[in-house]
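Visitor: Input file: input.csv. Contents: CSV, C-alpha atoms.
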```csv
chain,number,residue,atom,x,y,z
A,1039,MET,CA,0.0,0.0,0.0
A,1040,THR,CA,1.5,3.3,-1.1
A,1041,GLY,CA,-1.2,5.6,0.2
A,1042,THR,CA,-3.5,7.7,-2.0
A,1043,THR,CA,-2.1,9.9,-4.8
A,1044,ARG,CA,-4.1,12.6,-6.3
A,1045,ILE,CA,-4.2,13.5,-10.0
A,1046,SER,CA,-5.2,17.2,-10.3
A,1047,PRO,CA,-8.0,18.2,-12.6
A,1048,ARG,CA,-7.1,18.0,-16.3
A,1049,SER,CA,-3.7,16.4,-15.7
A,1050,GLY,CA,-2.1,13.0,-15.9
A,1051,ALA,CA,0.5,10.6,-14.4
A,1052,ALA,CA,2.5,7.6,-15.2
A,1053,PHE,CA,3.9,5.0,-12.9
A,1054,GLU,CA,5.0,1.3,-12.7
A,1055,LEU,CA,2.7,-1.5,-11.5
A,1056,GLY,CA,4.3,-4.9,-10.9
A,1057,LYS,CA,2.8,-8.2,-11.7
A,1058,GLY,CA,0.4,-9.1,-8.9
A,1059,GLN,CA,0.0,-5.6,-7.7
A,1060,ARG,CA,-3.4,-3.9,-7.7
A,1061,LEU,CA,-4.3,-0.5,-8.9
A,1062,LYS,CA,-7.3,1.2,-7.3
A,1063,VAL,CA,-8.7,4.1,-9.3
A,1064,ILE,CA,-11.0,6.3,-7.2
A,1065,ASP,CA,-13.5,9.1,-8.2
A,1066,PRO,CA,-13.1,11.2,-5.1
A,1067,GLU,CA,-15.8,13.7,-5.8
A,1068,GLY,CA,-18.0,11.8,-8.3
A,1069,CYS,CA,-18.8,12.3,-12.0
A,1070,GLN,CA,-15.2,12.2,-13.3
A,1071,VAL,CA,-13.5,10.1,-16.0
A,1072,SER,CA,-10.0,8.7,-15.9
A,1073,ASP,CA,-8.3,7.5,-19.1
A,1074,LEU,CA,-6.1,4.4,-18.3
A,1075,LEU,CA,-3.3,3.1,-20.6
A,1076,ALA,CA,-1.1,0.0,-19.9
A,1077,PHE,CA,2.2,-0.9,-21.6
A,1078,ARG,CA,4.6,-3.8,-20.9
A,1079,ARG,CA,7.4,-2.5,-18.7
A,1080,GLY,CA,10.6,-2.5,-20.6
A,1081,ASP,CA,9.0,-3.3,-23.9
A,1082,VAL,CA,6.4,-0.7,-24.6
A,1083,GLY,CA,5.6,-2.0,-28.1
A,1084,GLU,CA,3.1,-4.2,-26.1
A,1085,VAL,CA,0.1,-2.2,-25.2
A,1086,VAL,CA,-3.5,-2.5,-24.1
A,1087,SER,CA,-5.8,-3.1,-27.1
A,1088,ASN,CA,-9.5,-2.5,-27.2
A,1089,GLY,CA,-9.9,-4.8,-30.3
A,1090,ARG,CA,-8.1,-7.8,-28.7
A,1091,THR,CA,-10.1,-7.2,-25.5
A,1092,PHE,CA,-13.4,-7.1,-27.3
A,1093,ASP,CA,-12.4,-10.3,-29.2
A,1094,TYR,CA,-11.5,-12.3,-26.1
A,1095,GLU,CA,-14.1,-10.9,-23.7
A,1096,GLU,CA,-16.9,-11.0,-26.3
A,1097,THR,CA,-18.3,-7.8,-25.0
A,1098,ILE,CA,-17.7,-4.0,-25.2
A,1099,LYS,CA,-18.7,-3.5,-21.6
A,1100,LEU,CA,-16.0,-4.5,-19.2
A,1101,THR,CA,-16.4,-4.9,-15.5
A,1102,GLU,CA,-15.5,-7.2,-12.6
A,1103,GLY,CA,-14.3,-10.5,-13.9
A,1104,ASN,CA,-13.2,-9.1,-17.3
A,1105,THR,CA,-9.6,-8.8,-18.4
A,1106,LEU,CA,-7.9,-6.1,-20.5
A,1107,TRP,CA,-5.7,-7.8,-23.2
A,1108,SER,CA,-2.7,-6.5,-25.1
A,1109,ASN,CA,-2.0,-6.2,-28.8
A,1110,ARG,CA,0.1,-9.4,-28.5
A,1111,SER,CA,-2.9,-11.3,-27.0
A,1112,ASN,CA,-1.5,-11.4,-23.5
A,1113,ARG,CA,-3.5,-10.6,-20.3
A,1114,MET,CA,-2.5,-7.2,-18.9
A,1115,LEU,CA,-5.0,-6.3,-16.2
A,1116,ARG,CA,-7.9,-8.1,-14.5
A,1117,ILE,CA,-10.8,-6.2,-13.1
A,1118,VAL,CA,-11.2,-7.5,-9.6
A,1119,GLU,CA,-13.5,-4.9,-8.1
A,1120,ASP,CA,-15.9,-2.4,-9.6
A,1121,THR,CA,-18.4,-0.3,-7.8
A,1122,VAL,CA,-19.6,1.5,-11.0
A,1123,GLY,CA,-19.8,-1.0,-13.9
A,1124,CYS,CA,-19.7,1.8,-16.4
A,1125,HIS,CA,-16.5,2.3,-18.5
A,1126,ASP,CA,-15.8,3.0,-22.1
A,1127,PHE,CA,-13.2,1.3,-24.3
A,1128,LEU,CA,-14.4,2.7,-27.7
A,1129,LEU,CA,-13.1,6.3,-27.7
A,1130,THR,CA,-9.6,7.8,-27.9
A,1131,PRO,CA,-8.2,10.2,-25.3
A,1132,CYS,CA,-9.3,13.8,-25.8
A,1133,SER,CA,-6.7,15.9,-27.5
A,1134,LYS,CA,-6.1,19.3,-29.1
A,1135,ASP,CA,-7.8,18.0,-32.2
A,1136,THR,CA,-10.8,16.7,-30.4
A,1137,PHE,CA,-11.2,20.1,-28.6
A,1138,ARG,CA,-11.1,21.9,-32.0
A,1139,HIS,CA,-13.7,19.5,-33.4
A,1140,PHE,CA,-16.1,19.3,-30.5
A,1141,TYR,CA,-15.7,22.6,-28.7
A,1142,PRO,CA,-14.8,25.1,-31.4
A,1143,ASP,CA,-15.8,28.0,-29.1
A,1144,LYS,CA,-13.7,26.8,-26.1
A,1145,PRO,CA,-10.0,27.2,-25.4
A,1146,VAL,CA,-8.0,24.4,-26.9
A,1147,HIS,CA,-6.5,22.0,-24.3
A,1148,ARG,CA,-3.9,19.3,-24.9
A,1149,GLY,CA,-6.4,16.9,-23.2
A,1150,CYS,CA,-5.8,13.4,-21.8
A,1151,PHE,CA,-3.8,12.7,-25.0
A,1152,GLY,CA,-1.2,15.4,-24.3
A,1153,ASN,CA,-1.2,14.6,-20.6
A,1154,LEU,CA,-0.6,10.9,-21.3
A,1155,ALA,CA,2.1,11.6,-23.9
A,1156,GLU,CA,4.1,13.8,-21.5
A,1157,ALA,CA,3.7,11.5,-18.6
A,1158,LEU,CA,4.7,8.4,-20.6
A,1159,ALA,CA,7.5,9.9,-22.6
A,1160,PRO,CA,10.2,8.9,-20.0
A,1161,TYR,CA,9.2,5.3,-20.5
A,1162,GLY,CA,9.8,5.5,-24.3
A,1163,VAL,CA,6.1,5.8,-25.3
A,1164,THR,CA,5.6,8.0,-28.4
A,1165,GLU,CA,2.4,9.8,-29.4
A,1166,ASP,CA,1.7,7.6,-32.4
A,1167,THR,CA,1.7,4.5,-30.2
A,1168,ILE,CA,-1.0,5.8,-27.8
A,1169,PRO,CA,-4.0,3.7,-28.5
A,1170,THR,CA,-7.6,3.9,-27.4
A,1171,ALA,CA,-7.6,4.1,-23.6
A,1172,PHE,CA,-9.7,2.2,-21.2
A,1173,ASN,CA,-11.8,5.1,-20.0
A,1174,VAL,CA,-12.7,4.4,-16.4
A,1175,PHE,CA,-16.2,5.6,-15.3
A,1176,MET,CA,-16.9,7.0,-18.8
A,1177,ASN,CA,-20.5,6.7,-19.9
A,1178,VAL,CA,-20.9,6.0,-23.6
A,1179,PRO,CA,-24.1,4.3,-24.4
A,1180,VAL,CA,-24.3,2.6,-27.8
A,1181,ASP,CA,-27.5,2.0,-29.7
A,1182,GLY,CA,-27.1,-1.6,-30.8
A,1183,SER,CA,-29.3,-1.2,-33.9
A,1184,SER,CA,-28.1,2.1,-35.3
A,1185,GLY,CA,-24.6,2.0,-33.9
A,1186,LYS,CA,-24.9,5.6,-32.7
A,1187,LEU,CA,-23.1,6.5,-29.5
A,1188,GLU,CA,-23.3,9.4,-27.2
A,1189,VAL,CA,-21.1,10.7,-24.3
A,1190,LEU,CA,-23.1,11.3,-21.1
A,1191,PRO,CA,-21.9,12.3,-17.6
A,1192,PRO,CA,-20.5,9.4,-15.6
A,1193,PRO,CA,-22.8,7.8,-13.1
A,1194,SER,CA,-19.9,7.5,-10.5
A,1195,LYS,CA,-20.5,8.9,-7.0
A,1196,ALA,CA,-17.9,10.2,-4.6
A,1197,GLY,CA,-15.8,7.3,-3.5
A,1198,ASP,CA,-16.7,5.0,-6.3
A,1199,HIS,CA,-13.7,2.9,-7.6
A,1200,ILE,CA,-12.4,0.1,-9.7
A,1201,VAL,CA,-9.5,-2.2,-8.8
A,1202,LEU,CA,-7.4,-3.9,-11.5
A,1203,GLU,CA,-4.7,-6.5,-10.9
A,1204,ALA,CA,-1.6,-6.6,-13.1
A,1205,GLU,CA,-1.0,-9.8,-15.0
A,1206,MET,CA,2.5,-8.7,-16.1
A,1207,ASP,CA,4.9,-5.9,-15.1
A,1208,LEU,CA,3.4,-2.7,-16.4
A,1209,VAL,CA,3.8,1.0,-17.0
A,1210,ILE,CA,0.4,2.7,-16.4
A,1211,GLY,CA,-0.8,6.1,-17.7
A,1212,LEU,CA,-3.7,7.6,-15.9
A,1213,THR,CA,-5.5,10.9,-16.1
A,1214,ALA,CA,-8.2,13.1,-14.6
A,1215,CYS,CA,-10.1,13.8,-17.8
A,1216,SER,CA,-10.0,17.2,-19.5
A,1217,ALA,CA,-13.0,17.1,-21.9
A,1218,TYR,CA,-16.3,18.8,-21.2
A,1219,ALA,CA,-18.7,16.1,-22.3
A,1220,SER,CA,-17.1,13.2,-20.5
A,1221,ASN,CA,-17.6,14.7,-17.0
A,1222,GLY,CA,-20.6,16.9,-17.4
A,1223,GLY,CA,-18.3,20.0,-17.7
A,1224,SER,CA,-17.0,19.8,-14.2
A,1225,PHE,CA,-13.3,19.1,-14.1
A,1226,ARG,CA,-12.4,17.2,-11.0
A,1227,PRO,CA,-9.4,15.2,-9.7
A,1228,ILE,CA,-8.9,11.4,-9.7
A,1229,ASP,CA,-7.2,9.5,-6.9
A,1230,TYR,CA,-5.3,6.2,-7.1
A,1231,GLU,CA,-3.6,3.7,-4.9
A,1232,ILE,CA,-1.1,0.9,-5.6
A,1233,ILE,CA,-1.9,-2.1,-3.4
A,1234,GLY,CA,0.5,-4.9,-2.7
B,818,MET,CA,-8.8,1.7,-63.5
B,819,THR,CA,-6.4,-1.1,-62.9
B,820,GLY,CA,-8.7,-4.0,-63.5
B,821,THR,CA,-9.7,-6.5,-60.9
B,822,THR,CA,-7.2,-8.2,-58.6
B,823,ARG,CA,-8.1,-11.3,-56.7
B,824,ILE,CA,-6.9,-12.0,-53.2
B,825,SER,CA,-6.9,-15.8,-52.7
B,826,PRO,CA,-8.7,-17.4,-49.8
B,827,ARG,CA,-6.9,-16.9,-46.5
B,828,SER,CA,-4.3,-14.6,-47.9
B,829,GLY,CA,-3.6,-10.8,-48.0
B,830,ALA,CA,-2.1,-8.0,-50.1
B,831,ALA,CA,-0.7,-4.6,-49.7
B,832,PHE,CA,-0.6,-1.8,-52.3
B,833,GLU,CA,-0.5,2.0,-52.6
B,834,LEU,CA,-3.6,4.2,-53.1
B,835,GLY,CA,-3.0,7.8,-54.0
B,836,LYS,CA,-5.1,10.7,-52.7
B,837,GLY,CA,-8.3,11.0,-54.7
B,838,GLN,CA,-8.1,7.4,-55.9
B,839,ARG,CA,-10.9,5.0,-55.0
B,840,LEU,CA,-10.6,1.5,-53.8
B,841,LYS,CA,-13.5,-0.9,-54.6
B,842,VAL,CA,-13.6,-4.0,-52.4
B,843,ILE,CA,-15.8,-6.7,-53.8
B,844,ASP,CA,-17.1,-9.9,-52.3
B,845,PRO,CA,-17.1,-12.1,-55.5
B,846,GLU,CA,-18.9,-15.1,-54.1
B,847,GLY,CA,-20.7,-13.7,-51.1
B,848,CYS,CA,-20.4,-14.3,-47.3
B,849,GLN,CA,-16.7,-13.3,-47.1
B,850,VAL,CA,-14.9,-10.7,-44.9
B,851,SER,CA,-12.0,-8.5,-45.8
B,852,ASP,CA,-9.8,-6.9,-43.2
B,853,LEU,CA,-8.7,-3.4,-44.4
B,854,LEU,CA,-5.8,-1.4,-42.9
B,855,ALA,CA,-4.6,2.1,-44.0
B,856,PHE,CA,-1.3,3.8,-43.3
B,857,ARG,CA,0.0,7.2,-44.5
B,858,ARG,CA,2.4,6.5,-47.4
B,859,GLY,CA,6.0,7.3,-46.4
B,860,ASP,CA,5.1,7.9,-42.7
B,861,VAL,CA,3.5,4.7,-41.4
B,862,GLY,CA,3.3,5.9,-37.8
B,863,GLU,CA,0.0,7.4,-39.0
B,864,VAL,CA,-2.6,4.7,-39.1
B,865,VAL,CA,-6.3,4.1,-39.2
B,866,SER,CA,-7.9,4.3,-35.7
B,867,ASN,CA,-11.2,2.8,-34.7
B,868,GLY,CA,-11.2,5.0,-31.6
B,869,ARG,CA,-10.7,8.3,-33.5
B,870,THR,CA,-13.3,7.2,-36.1
B,871,PHE,CA,-15.9,6.4,-33.4
B,872,ASP,CA,-15.1,9.8,-31.8
B,873,TYR,CA,-15.6,11.9,-34.9
B,874,GLU,CA,-18.4,9.8,-36.6
B,875,GLU,CA,-20.3,9.3,-33.3
B,876,THR,CA,-21.2,5.8,-34.4
B,877,ILE,CA,-19.7,2.3,-34.4
B,878,LYS,CA,-21.5,1.4,-37.6
B,879,LEU,CA,-19.8,3.0,-40.6
B,880,THR,CA,-21.3,3.2,-44.1
B,881,GLU,CA,-21.7,5.5,-47.1
B,882,GLY,CA,-21.0,9.1,-46.0
B,883,ASN,CA,-18.8,8.1,-43.1
B,884,THR,CA,-15.0,8.7,-42.9
B,885,LEU,CA,-12.2,6.5,-41.5
B,886,TRP,CA,-9.9,8.7,-39.4
B,887,SER,CA,-6.3,8.3,-38.4
B,888,ASN,CA,-4.6,8.2,-35.0
B,889,ARG,CA,-3.5,11.8,-35.7
B,890,SER,CA,-7.1,12.9,-36.3
B,891,ASN,CA,-6.8,13.2,-40.1
B,892,ARG,CA,-9.3,11.9,-42.6
B,893,MET,CA,-7.9,8.8,-44.4
B,894,LEU,CA,-10.7,7.2,-46.3
B,895,ARG,CA,-14.3,8.3,-47.1
B,896,ILE,CA,-16.9,5.6,-47.9
B,897,VAL,CA,-18.6,6.7,-51.1
B,898,GLU,CA,-20.6,3.6,-52.0
B,899,ASP,CA,-21.7,0.7,-49.9
B,900,THR,CA,-24.1,-2.1,-51.1
B,901,VAL,CA,-24.0,-4.0,-47.8
B,902,GLY,CA,-24.0,-1.5,-44.9
B,903,CYS,CA,-22.6,-4.1,-42.5
B,904,HIS,CA,-18.9,-3.8,-41.4
B,905,ASP,CA,-17.0,-4.2,-38.1
B,906,PHE,CA,-14.5,-1.9,-36.6
B,907,LEU,CA,-14.4,-3.4,-33.1
B,908,LEU,CA,-12.3,-6.6,-33.5
B,909,THR,CA,-8.7,-7.2,-34.3
B,910,PRO,CA,-7.5,-9.3,-37.2
B,911,CYS,CA,-7.5,-13.1,-36.6
B,912,SER,CA,-4.1,-14.4,-35.7
B,913,LYS,CA,-2.3,-17.5,-34.4
B,914,ASP,CA,-3.4,-16.6,-31.0
B,915,THR,CA,-7.1,-16.1,-31.9
B,916,PHE,CA,-7.0,-19.5,-33.6
B,917,ARG,CA,-5.6,-21.1,-30.5
B,918,HIS,CA,-8.3,-19.3,-28.4
B,919,PHE,CA,-11.4,-19.8,-30.5
B,920,TYR,CA,-10.7,-23.0,-32.5
B,921,PRO,CA,-8.5,-25.2,-30.2
B,922,ASP,CA,-9.4,-28.3,-32.2
B,923,LYS,CA,-8.5,-26.7,-35.6
B,924,PRO,CA,-5.1,-26.2,-37.2
B,925,VAL,CA,-3.5,-23.0,-36.2
B,926,HIS,CA,-3.4,-20.4,-39.1
B,927,ARG,CA,-1.4,-17.1,-39.1
B,928,GLY,CA,-4.7,-15.5,-40.0
B,929,CYS,CA,-5.3,-12.0,-41.4
B,930,PHE,CA,-2.8,-10.7,-38.8
B,931,GLY,CA,0.0,-12.8,-40.2
B,932,ASN,CA,-1.1,-12.1,-43.8
B,933,LEU,CA,-1.2,-8.3,-43.2
B,934,ALA,CA,2.1,-8.3,-41.4
B,935,GLU,CA,3.9,-10.0,-44.3
B,936,ALA,CA,2.3,-7.9,-47.0
B,937,LEU,CA,2.9,-4.6,-45.2
B,938,ALA,CA,6.5,-5.4,-44.0
B,939,PRO,CA,8.0,-3.9,-47.2
B,940,TYR,CA,6.4,-0.6,-46.3
B,941,GLY,CA,8.0,-0.5,-42.8
B,942,VAL,CA,4.9,-1.7,-40.9
B,943,THR,CA,5.8,-3.8,-37.9
B,944,GLU,CA,3.5,-6.3,-36.1
B,945,ASP,CA,3.1,-4.2,-33.0
B,946,THR,CA,1.7,-1.3,-35.0
B,947,ILE,CA,-1.1,-3.2,-36.6
B,948,PRO,CA,-4.2,-1.9,-35.1
B,949,THR,CA,-7.9,-3.0,-35.2
B,950,ALA,CA,-8.7,-3.3,-38.8
B,951,PHE,CA,-11.8,-2.0,-40.6
B,952,ASN,CA,-13.4,-5.4,-41.3
B,953,VAL,CA,-15.4,-5.0,-44.5
B,954,PHE,CA,-18.6,-7.1,-44.7
B,955,MET,CA,-18.0,-8.5,-41.1
B,956,ASN,CA,-21.2,-9.0,-39.1
B,957,VAL,CA,-20.7,-8.3,-35.4
B,958,PRO,CA,-24.0,-7.3,-33.8
B,959,VAL,CA,-23.7,-5.6,-30.4
B,960,ASP,CA,-26.3,-5.7,-27.7
B,961,GLY,CA,-26.5,-2.1,-26.6
B,962,SER,CA,-27.6,-2.9,-23.0
B,963,SER,CA,-25.4,-5.8,-22.1
B,964,GLY,CA,-22.5,-4.9,-24.4
B,965,LYS,CA,-22.3,-8.5,-25.6
B,966,LEU,CA,-21.2,-9.1,-29.2
B,967,GLU,CA,-21.2,-12.1,-31.5
B,968,VAL,CA,-19.7,-12.9,-34.8
B,969,LEU,CA,-22.2,-14.0,-37.5
B,970,PRO,CA,-21.8,-14.8,-41.2
B,971,PRO,CA,-21.7,-11.7,-43.4
B,972,PRO,CA,-24.9,-10.7,-45.2
B,973,SER,CA,-23.0,-9.8,-48.4
B,974,LYS,CA,-24.1,-11.5,-51.6
B,975,ALA,CA,-21.9,-12.2,-54.7
B,976,GLY,CA,-21.0,-8.9,-56.3
B,977,ASP,CA,-21.6,-6.8,-53.2
B,978,HIS,CA,-19.0,-4.1,-52.7
B,979,ILE,CA,-17.9,-1.0,-50.9
B,980,VAL,CA,-16.0,1.9,-52.5
B,981,LEU,CA,-13.6,4.1,-50.4
B,982,GLU,CA,-11.9,7.3,-51.6
B,983,ALA,CA,-8.4,8.1,-50.3
B,984,GLU,CA,-8.2,11.5,-48.5
B,985,MET,CA,-4.3,11.2,-48.4
B,986,ASP,CA,-1.6,9.1,-50.0
B,987,LEU,CA,-2.0,5.7,-48.4
B,988,VAL,CA,-0.6,2.2,-48.1
B,989,ILE,CA,-3.5,-0.3,-47.9
B,990,GLY,CA,-3.4,-3.8,-46.4
B,991,LEU,CA,-6.3,-6.0,-47.4
B,992,THR,CA,-7.2,-9.7,-46.8
B,993,ALA,CA,-9.6,-12.5,-47.6
B,994,CYS,CA,-10.4,-13.5,-44.1
B,995,SER,CA,-9.0,-16.7,-42.6
B,996,ALA,CA,-11.3,-17.2,-39.5
B,997,TYR,CA,-14.1,-19.7,-39.4
B,998,ALA,CA,-16.7,-17.6,-37.6
B,999,SER,CA,-16.4,-14.4,-39.7
B,1000,ASN,CA,-17.4,-16.1,-43.0
B,1001,GLY,CA,-19.5,-19.0,-41.9
B,1002,GLY,CA,-16.6,-21.5,-42.2
B,1003,SER,CA,-16.3,-21.1,-46.0
B,1004,PHE,CA,-13.1,-19.5,-47.1
B,1005,ARG,CA,-13.5,-17.5,-50.2
B,1006,PRO,CA,-11.5,-14.9,-52.2
B,1007,ILE,CA,-11.9,-11.1,-52.2
B,1008,ASP,CA,-11.5,-8.9,-55.3
B,1009,TYR,CA,-10.4,-5.3,-55.4
B,1010,GLU,CA,-10.1,-2.5,-58.0
B,1011,ILE,CA,-8.2,0.8,-57.8
B,1012,ILE,CA,-10.2,3.4,-59.7
B,1013,GLY,CA,-8.8,6.8,-60.9
```
When written as structure tokens, how does the structure in this file appear?
Guide:
Amino acid sequence: MTGTTRISPRSGAAFELGKGQRLKVIDPEGCQVSDLLAFRRGDVGEVVSNGRTFDYEETIKLTEGNTLWSNRSNRMLRIVEDTVGCHDFLLTPCSKDTFRHFYPDKPVHRGCFGNLAEALAPYGVTEDTIPTAFNVFMNVPVDGSSGKLEVLPPPSKAGDHIVLEAEMDLVIGLTACSAYASNGGSFRPIDYEIIG
Amino acid sequence: MTGTTRISPRSGAAFELGKGQRLKVIDPEGCQVSDLLAFRRGDVGEVVSNGRTFDYEETIKLTEGNTLWSNRSNRMLRIVEDTVGCHDFLLTPCSKDTFRHFYPDKPVHRGCFGNLAEALAPYGVTEDTIPTAFNVFMNVPVDGSSGKLEVLPPPSKAGDHIVLEAEMDLVIGLTACSAYASNGGSFRPIDYEIIG
């Protein structure tokens, strides 16, 4: 147990998570999203993959009991606890470009993408290799027949959390999301703990 | 117009497509899937992205009028004609690992992943940078409430096709799919034409 670390609103962090350790991501105030990336420590060409995860888990909704898989078909993180059950794995991290596209009247922000790129650069991760993130607490309902999706405020309440156990030695990228739509326009922090 | 090129069952091809040219992907016999990848020509760090596409198109079902976007938020391919309207952008190319996972009693095949990796290697594409493909004619219904997905035979009939126009100079990877589930267990060829 390392104690709780706070990620300030609209920022990000990167850190190591050893095989068997658990990462607890907490929404301390409620209604906030956290983009999560995972890379194999020491070999960051291996990265979490939404497509491989959808393949093996046979669902686009991941919760307790599901595993996040890598682009090399290895297990990276297992969801062992989840008080929300609402996360997104379809959409890429918000970025300067998504701000220009979705919020043309708002100031451009580098977004979760810029925050993840900066935090992960010391581990050798480059911008082009940042994939779709696992967007913790993000609420993206999909209409099964039309395929249409929308981004709604997260249902998470203060103190809600998810716990993921590492299946290999990892480098994790984690944010407190910067986009208006994903958190109902209220930018809040995210807390995390490394357990074990 | 280059005439029609045939991709043999369970194989793949790679070729260049210039900005403004159109690629017609044809299912010559019906009920077959073709995995399509796109990279920026001469700078293959830029690659088609399901997450960016879902972001900007606000749907997981892409058809005529929709655009496939890159990881750098640029437009790569615009769908200008589509006689089927059923394609998947959730699942990664079948591979040795997916064969071991889904068909443990069948011979292992390198799958679309292996076929794409070999065909694209001369352009500098490496295995780790192969993302989720745009799976032409692939039938993957999603239950919007549970999130569960399944892989059903494609609804495409002989002669059905999709036409995509390049929005930048591209390298394309294209297959005739090797997996049992995606084509109802009948491995068939795929035809393509480059127009313009």
Visitor: Please produce, as a tab-separated table, a per-residue contact table for chain A versus chain B (criterion: any atom at most 9 Å away, all atoms listed in the file considered), showing the nearest atom pair and its distance in Å to one decimal, sorted by chain then residue number.
Guide:
```
residue	atom	partner	partner_atom	distance
A:Gly1083	CA	B:Asp945	CA	5.9
A:Glu1084	CA	B:Asp945	CA	6.9
A:Val1085	CA	B:Asp945	CA	8.6
A:Ser1087	CA	B:Pro948	CA	8.2
A:Asn1088	CA	B:Leu907	CA	7.7
A:Gly1089	CA	B:Leu908	CA	4.4
A:Arg1090	CA	B:Thr909	CA	5.7
A:Thr1091	CA	B:Leu908	CA	8.3
A:Phe1092	CA	B:Leu908	CA	6.3
A:Asp1093	CA	B:Leu908	CA	5.7
A:Tyr1094	CA	B:His918	CA	8.0
A:Glu1095	CA	B:Lys965	CA	8.8
A:Glu1096	CA	B:Leu966	CA	5.5
A:Thr1097	CA	B:Lys965	CA	4.1
A:Ile1098	CA	B:Gly964	CA	4.9
A:Lys1099	CA	B:Gly964	CA	4.9
A:Leu1100	CA	B:Gly964	CA	8.3
A:Asn1109	CA	B:Asp945	CA	6.9
A:Arg1110	CA	B:Asp945	CA	7.5
A:Ser1111	CA	B:Asp914	CA	6.7
A:Phe1127	CA	B:Gly868	CA	8.4
A:Leu1128	CA	B:Gly868	CA	5.5
A:Leu1129	CA	B:Gly868	CA	4.5
A:Thr1130	CA	B:Gly868	CA	4.9
A:Pro1131	CA	B:Gly868	CA	8.7
A:Asp1135	CA	B:Ser890	CA	6.6
A:Thr1136	CA	B:Ser890	CA	7.9
A:His1139	CA	B:Tyr873	CA	8.0
A:Phe1140	CA	B:Tyr873	CA	8.6
A:Glu1165	CA	B:Arg889	CA	8.9
A:Asp1166	CA	B:Gly862	CA	5.9
A:Thr1167	CA	B:Thr946	CA	7.5
A:Ile1168	CA	B:Asn888	CA	8.4
A:Pro1169	CA	B:Asn888	CA	7.9
A:Thr1170	CA	B:Gly868	CA	5.6
A:Ala1171	CA	B:Gly868	CA	8.8
A:Pro1179	CA	B:Gly961	CA	7.2
A:Val1180	CA	B:Gly961	CA	5.3
A:Asp1181	CA	B:Gly961	CA	5.2
A:Gly1182	CA	B:Gly961	CA	4.3
A:Ser1183	CA	B:Gly961	CA	7.9
A:Ser1184	CA	B:Lys878	CA	7.0
A:Gly1185	CA	B:Lys878	CA	4.9
A:Lys1186	CA	B:Thr876	CA	4.1
A:Leu1187	CA	B:Thr876	CA	5.3
A:Glu1188	CA	B:Glu875	CA	6.8
```
Visitor: Atom CA of Gly829 of chain B and atom CA of Val1163 of chain A are how many Å apart?
Guide: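 One can read the atom CA of Gly829 of chain B to atom CA of Val1163 of chain A distance as 29.7 Å.
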Visitor: Go through A:Asp1229, A:Asp1073, A:Asp1207, A:Glu1119 and flag the residue nearest Phe1151 of chain A, using all atoms listed in the file for the distances.
Guide: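 Ranking A:Asp1229, A:Asp1073, A:Asp1207, A:Glu1119 by distance to Phe1151 of chain A, first place goes to A:Asp1073.
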Visitor: Could you work out how far atom CA of Ile989 of chain B lies from atom CA of Phe954 of chain B, giving the answer in Å with one decimal?
Guide: 16.9 Å
Visitor: What lies within 12 Å of Tyr1218 of chain A using all atoms listed in the file, ignoring chain neighbours under 6 positions off, as a list of chain:residue names?
Guide: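 Neighbouring residues, sequence-local ones excluded: A:Pro1047, A:Arg1048, A:Cys1069, A:Gln1070, A:Val1071, A:Cys1132, A:Ser1133, A:Thr1136, A:Phe1137, A:Phe1140, A:Tyr1141, A:Lys1144, A:Pro1145, A:Val1146, A:His1147, A:Gly1149, A:Cys1150, A:Val1189, A:Leu1190, A:Pro1191, A:Pro1192, A:Ser1224, A:Phe1225, A:Arg1226.
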Visitor: Can you tell me how far atom CA of Pro1066 of chain A sits from atom CA of Asp1198 of chain A, in Å to one decimal?
Guide: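 Going from atom CA of Pro1066 of chain A over to atom CA of Asp1198 of chain A, I get 7.3 Å.
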Visitor: Between B:Gly882, B:Pro939, B:Pro921, B:Gly847, which is the closest to Glu982 of chain B once you count all atoms listed in the file?
Guide: B:Gly882
Visitor: Could you pull the residues within 6 Å of Val897 of chain B, counting only C-alpha atoms, minus those fewer than 5 positions along the same chain, as a ChimeraX atom specification?
Guide: /B:881,980-981
Visitor: Please list, as an mmCIF file with C-alpha atoms, keeping the file's coordinate frame, the residues that have an atom at most 10 Å away from (-12.3, -8.7, -55.1) in the coordinates of this file, counting all atoms listed in the file.
Guide:
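Just written: point_36.cif:
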```cif
data_model
loop_
_atom_site.group_PDB
_atom_site.id
_atom_site.type_symbol
_atom_site.label_atom_id
_atom_site.label_comp_id
_atom_site.auth_asym_id
_atom_site.auth_seq_id
_atom_site.Cartn_x
_atom_site.Cartn_y
_atom_site.Cartn_z
ATOM 1 C CA THR B 821 -9.700 -6.500 -60.900
ATOM 2 C CA THR B 822 -7.200 -8.200 -58.600
ATOM 3 C CA ARG B 823 -8.100 -11.300 -56.700
ATOM 4 C CA ILE B 824 -6.900 -12.000 -53.200
ATOM 5 C CA SER B 825 -6.900 -15.800 -52.700
ATOM 6 C CA LYS B 841 -13.500 -0.900 -54.600
ATOM 7 C CA VAL B 842 -13.600 -4.000 -52.400
ATOM 8 C CA ILE B 843 -15.800 -6.700 -53.800
ATOM 9 C CA ASP B 844 -17.100 -9.900 -52.300
ATOM 10 C CA PRO B 845 -17.100 -12.100 -55.500
ATOM 11 C CA GLU B 846 -18.900 -15.100 -54.100
ATOM 12 C CA SER B 851 -12.000 -8.500 -45.800
ATOM 13 C CA GLY B 976 -21.000 -8.900 -56.300
ATOM 14 C CA ASP B 977 -21.600 -6.800 -53.200
ATOM 15 C CA HIS B 978 -19.000 -4.100 -52.700
ATOM 16 C CA THR B 992 -7.200 -9.700 -46.800
ATOM 17 C CA ALA B 993 -9.600 -12.500 -47.600
ATOM 18 C CA PRO B 1006 -11.500 -14.900 -52.200
ATOM 19 C CA ILE B 1007 -11.900 -11.100 -52.200
ATOM 20 C CA ASP B 1008 -11.500 -8.900 -55.300
ATOM 21 C CA TYR B 1009 -10.400 -5.300 -55.400
ATOM 22 C CA GLU B 1010 -10.100 -2.500 -58.000
#
```
